Amino acid sequence: MTVPLLKIGAVLSTMAMVTNWMSQTLPSLVGLNGTAVSRAGTSEKITLFQSPDEGWQVFTSAQAPDGKCLCTAVIPVQGSCSRDLRSLQLRQLLEKVQNISQSMEVLDLRTFRDLQYVRNTEALMKGLDSRLRVASEGHKALNARSFQDLKEKMRELLPLLPVLEQYKADSRLIVHLKDEVRNLSGILLAIQEEMGAYDYEELQQRVLLLEARLHACLQKLGCGKLTGVSNPITIRASGSRFGSWMTDTMTPSTDSRVWYMDGYYKGRRVLEFRSLTDFVSGQNFVQHLLPHPWAGTGHVVFNGSLYYNKFQSNVAVRYHFRSRSVLVQRSLAGAGYNNTFPYSWGGFSDIDFMVDENGLWAVYTTNQNAGNIVVSRVDPHTLEVLRSWDTGYPKRSAGESFMICGILYVTNSHLAGAKIYFAYHTNTSSYEYTDIPFHNQYSHISMLDYNPRERVLYTWNNGHQVIYNVTLFHVINTAGEL
């Protein structure tokens with residue numbers, strides 16, 4: 001008779017585990033932004049997800065009177081829209097509650113059956129008790145043997161008394177738990193309705209369709225002018241105060257590896273992580289030992305090769321990860337090195353390699369141009385300088401710089417309060433002063449690079465690996481041509 005009690009205890013334990021799980025999950029569900037679409041006049045804002053590795057933010061406006069269309073896209077760290085995990089958790093939670101409800105129904109039926117048996121046994125026990133009393137009063141009519149047998153049967157029935165009481169208590173508890181589960185199911189259905197997740201698959205199809213349209217839009221848009229930088233998104237906190245981290249900047253590319261280089265001088269150890277998820281967890285990586293140590297943090301990975309400045313020289317090195325060998329190295333004629341013309345934070349940052357939609361660039365300074373920033377297009381195969389521009393901006397006054405669509409953007413400091421202050425256009429050999437806010441969350445940026453494949457900024461900020469989304473301004477005509 002103790003087996004049903006064990007079953008009830010197991011279900012109660014399961015209910016406790018599920019209740020604890022729900023208490024941890026529901027707060028995140030309540031705070032879910034989900035999919036929101038808002039309209040004001042003829043403009044439209046579509047926000048799919050807010051986290052760094054989910055979805056897109058797309059801003060569009062209606063056709064202008066002159067026939068032009070303005071389009072701005074904020075691109076997140078990942079190039080695809082992932083499924084809404086929180087909605088999936090909600091569905092799984094509902095399924096668990098339904099399963100528990102079914103289990104409770106089965107347990108209720110079993111308990112009712114066993115309780116009927118116990119009640120029948122209770123009646124039998126009372127009958128035996130009555131007979132025993134009668135026999136006790138007329139004990140002269142009983143012999144010693146029959147009296148002893150009756151007494152033994154009565155003793156065997158005595159353990160049923162606490163079992164009966166336990167079944168009664170468990171039965172009341174099951175009724176209470178059934179009511180709680182029923183109420184919880186109603187609450188969760190209300191949350192699901194508020195989230196608009198009744199047809200989850202239909203929602204996912206709409207998201208995928210929007211993503212495909214956005215990809216097509218980006219292919220038409222191509223390059224644009226930087227008009228804004230998002231708040232920082234911290235990916236990981238690791239390493240020393242100075243360093244660099246990056247993904248391959250080749251477009252298009254399916255390579256999801258992440259490279260990590262801690263320190264700013266004499267380093268040779270490069271960690272290669274299989275994916276951003278592995279980088280965040282610090283797992284699944286291999287190590288490359290460079291044949292020549294690096295200087296600064298201005299490294300970049302382009303089409304499977306690492307481009308970096310060889311320590312105590314103005315030599316550019318191309319290291320190929322797959323073959324684990326140096327394919328080519330070449331001196332940048334006249335380029336300063338060894339802290340001759342670094343960024344404002346120092347750190348042997350004389351030579352900075354970067355990649356944008358147009359290819360590989362090198363930013364440095366020479367004595368001939370009086371310490372002003374020189375930006376050069378570089379052949380990625382031979383490291384030959386193809387063309388150079390003197391920007392006129394003193395490199396020691398720059399916190400960091402990066403290239404987007406052939407435009408060099410320069411920050412005025414590496415410390416808190418920095419902003420994107422200067423822009424040099426290589427296509428027109430002209431410059432302008434800008435005033436683009438740039439939130440320096442950890443107060444000391446030692447690496448800042450743009451990735452044209454993901455259209456985000458990668459930074460190393462005081463031992464934190466951080467990314468920023470960028471807002472680019474594009475003008476296209478009604479035919480979709482730039």
# chains A, B, ... in the order shown; residues from 1 in each chain; ligands from 1

$ residues_around --residues "A:Trp245" --least-positions-apart "6" --cutoff "8 Å" --atoms "only C-alpha atoms" --output "short mmCIF file (atom, residue, chain, number, x, y, z; two decimals) with N, CA and C atoms, in the first residue's frame"
data_model
loop_
_atom_site.label_atom_id
_atom_site.label_comp_id
_atom_site.auth_asym_id
_atom_site.auth_seq_id
_atom_site.Cartn_x
_atom_site.Cartn_y
_atom_site.Cartn_z
N VAL A 258 36.86 33.33 -34.59
CA VAL A 258 37.24 34.55 -33.87
C VAL A 258 38.70 34.42 -33.47
N TRP A 259 39.47 35.49 -33.69
CA TRP A 259 40.89 35.49 -33.32
C TRP A 259 41.13 36.47 -32.18
N TYR A 260 42.04 36.10 -31.30
CA TYR A 260 42.24 36.82 -30.04
C TYR A 260 43.74 36.99 -29.80
N MET A 261 44.17 38.26 -29.64
CA MET A 261 45.59 38.55 -29.46
C MET A 261 45.75 39.50 -28.28
N TYR A 458 34.51 46.59 -33.91
CA TYR A 458 35.12 45.75 -32.87
C TYR A 458 36.07 46.62 -32.05
N THR A 459 36.00 46.50 -30.72
CA THR A 459 36.90 47.27 -29.87
C THR A 459 37.44 46.39 -28.75
N TRP A 460 38.62 46.78 -28.29
CA TRP A 460 39.20 46.22 -27.06
C TRP A 460 39.27 47.39 -26.09
N GLN A 465 36.03 42.92 -24.49
CA GLN A 465 35.84 42.80 -25.92
C GLN A 465 34.41 43.28 -26.24
#

$ closest_residue --among "A:Phe353, A:Tyr393, A:Tyr424, A:Phe473" --to "A:Tyr450" --atoms "only C-alpha atoms"
A:Phe353

$ atom_distance --atom1 "atom CA of A:Leu208" --atom2 "atom CA of A:Asn469"
20.7 Å

$ atom_distance --atom1 "atom CA of A:Pro437" --atom2 "atom CA of A:Thr249"
24.6 Å

$ closest_residue --among "A:Asp352, A:Asp255, A:Glu165, A:Asp179" --to "A:Arg119" --atoms "only C-alpha atoms"
A:Glu165

$ select_by_dssp --residues "stretch 184-410 of chain A" --states "helix (DSSP H, G or I)" --output "ChimeraX atom specification"
/A:184-195,200-221,276-281,395-397
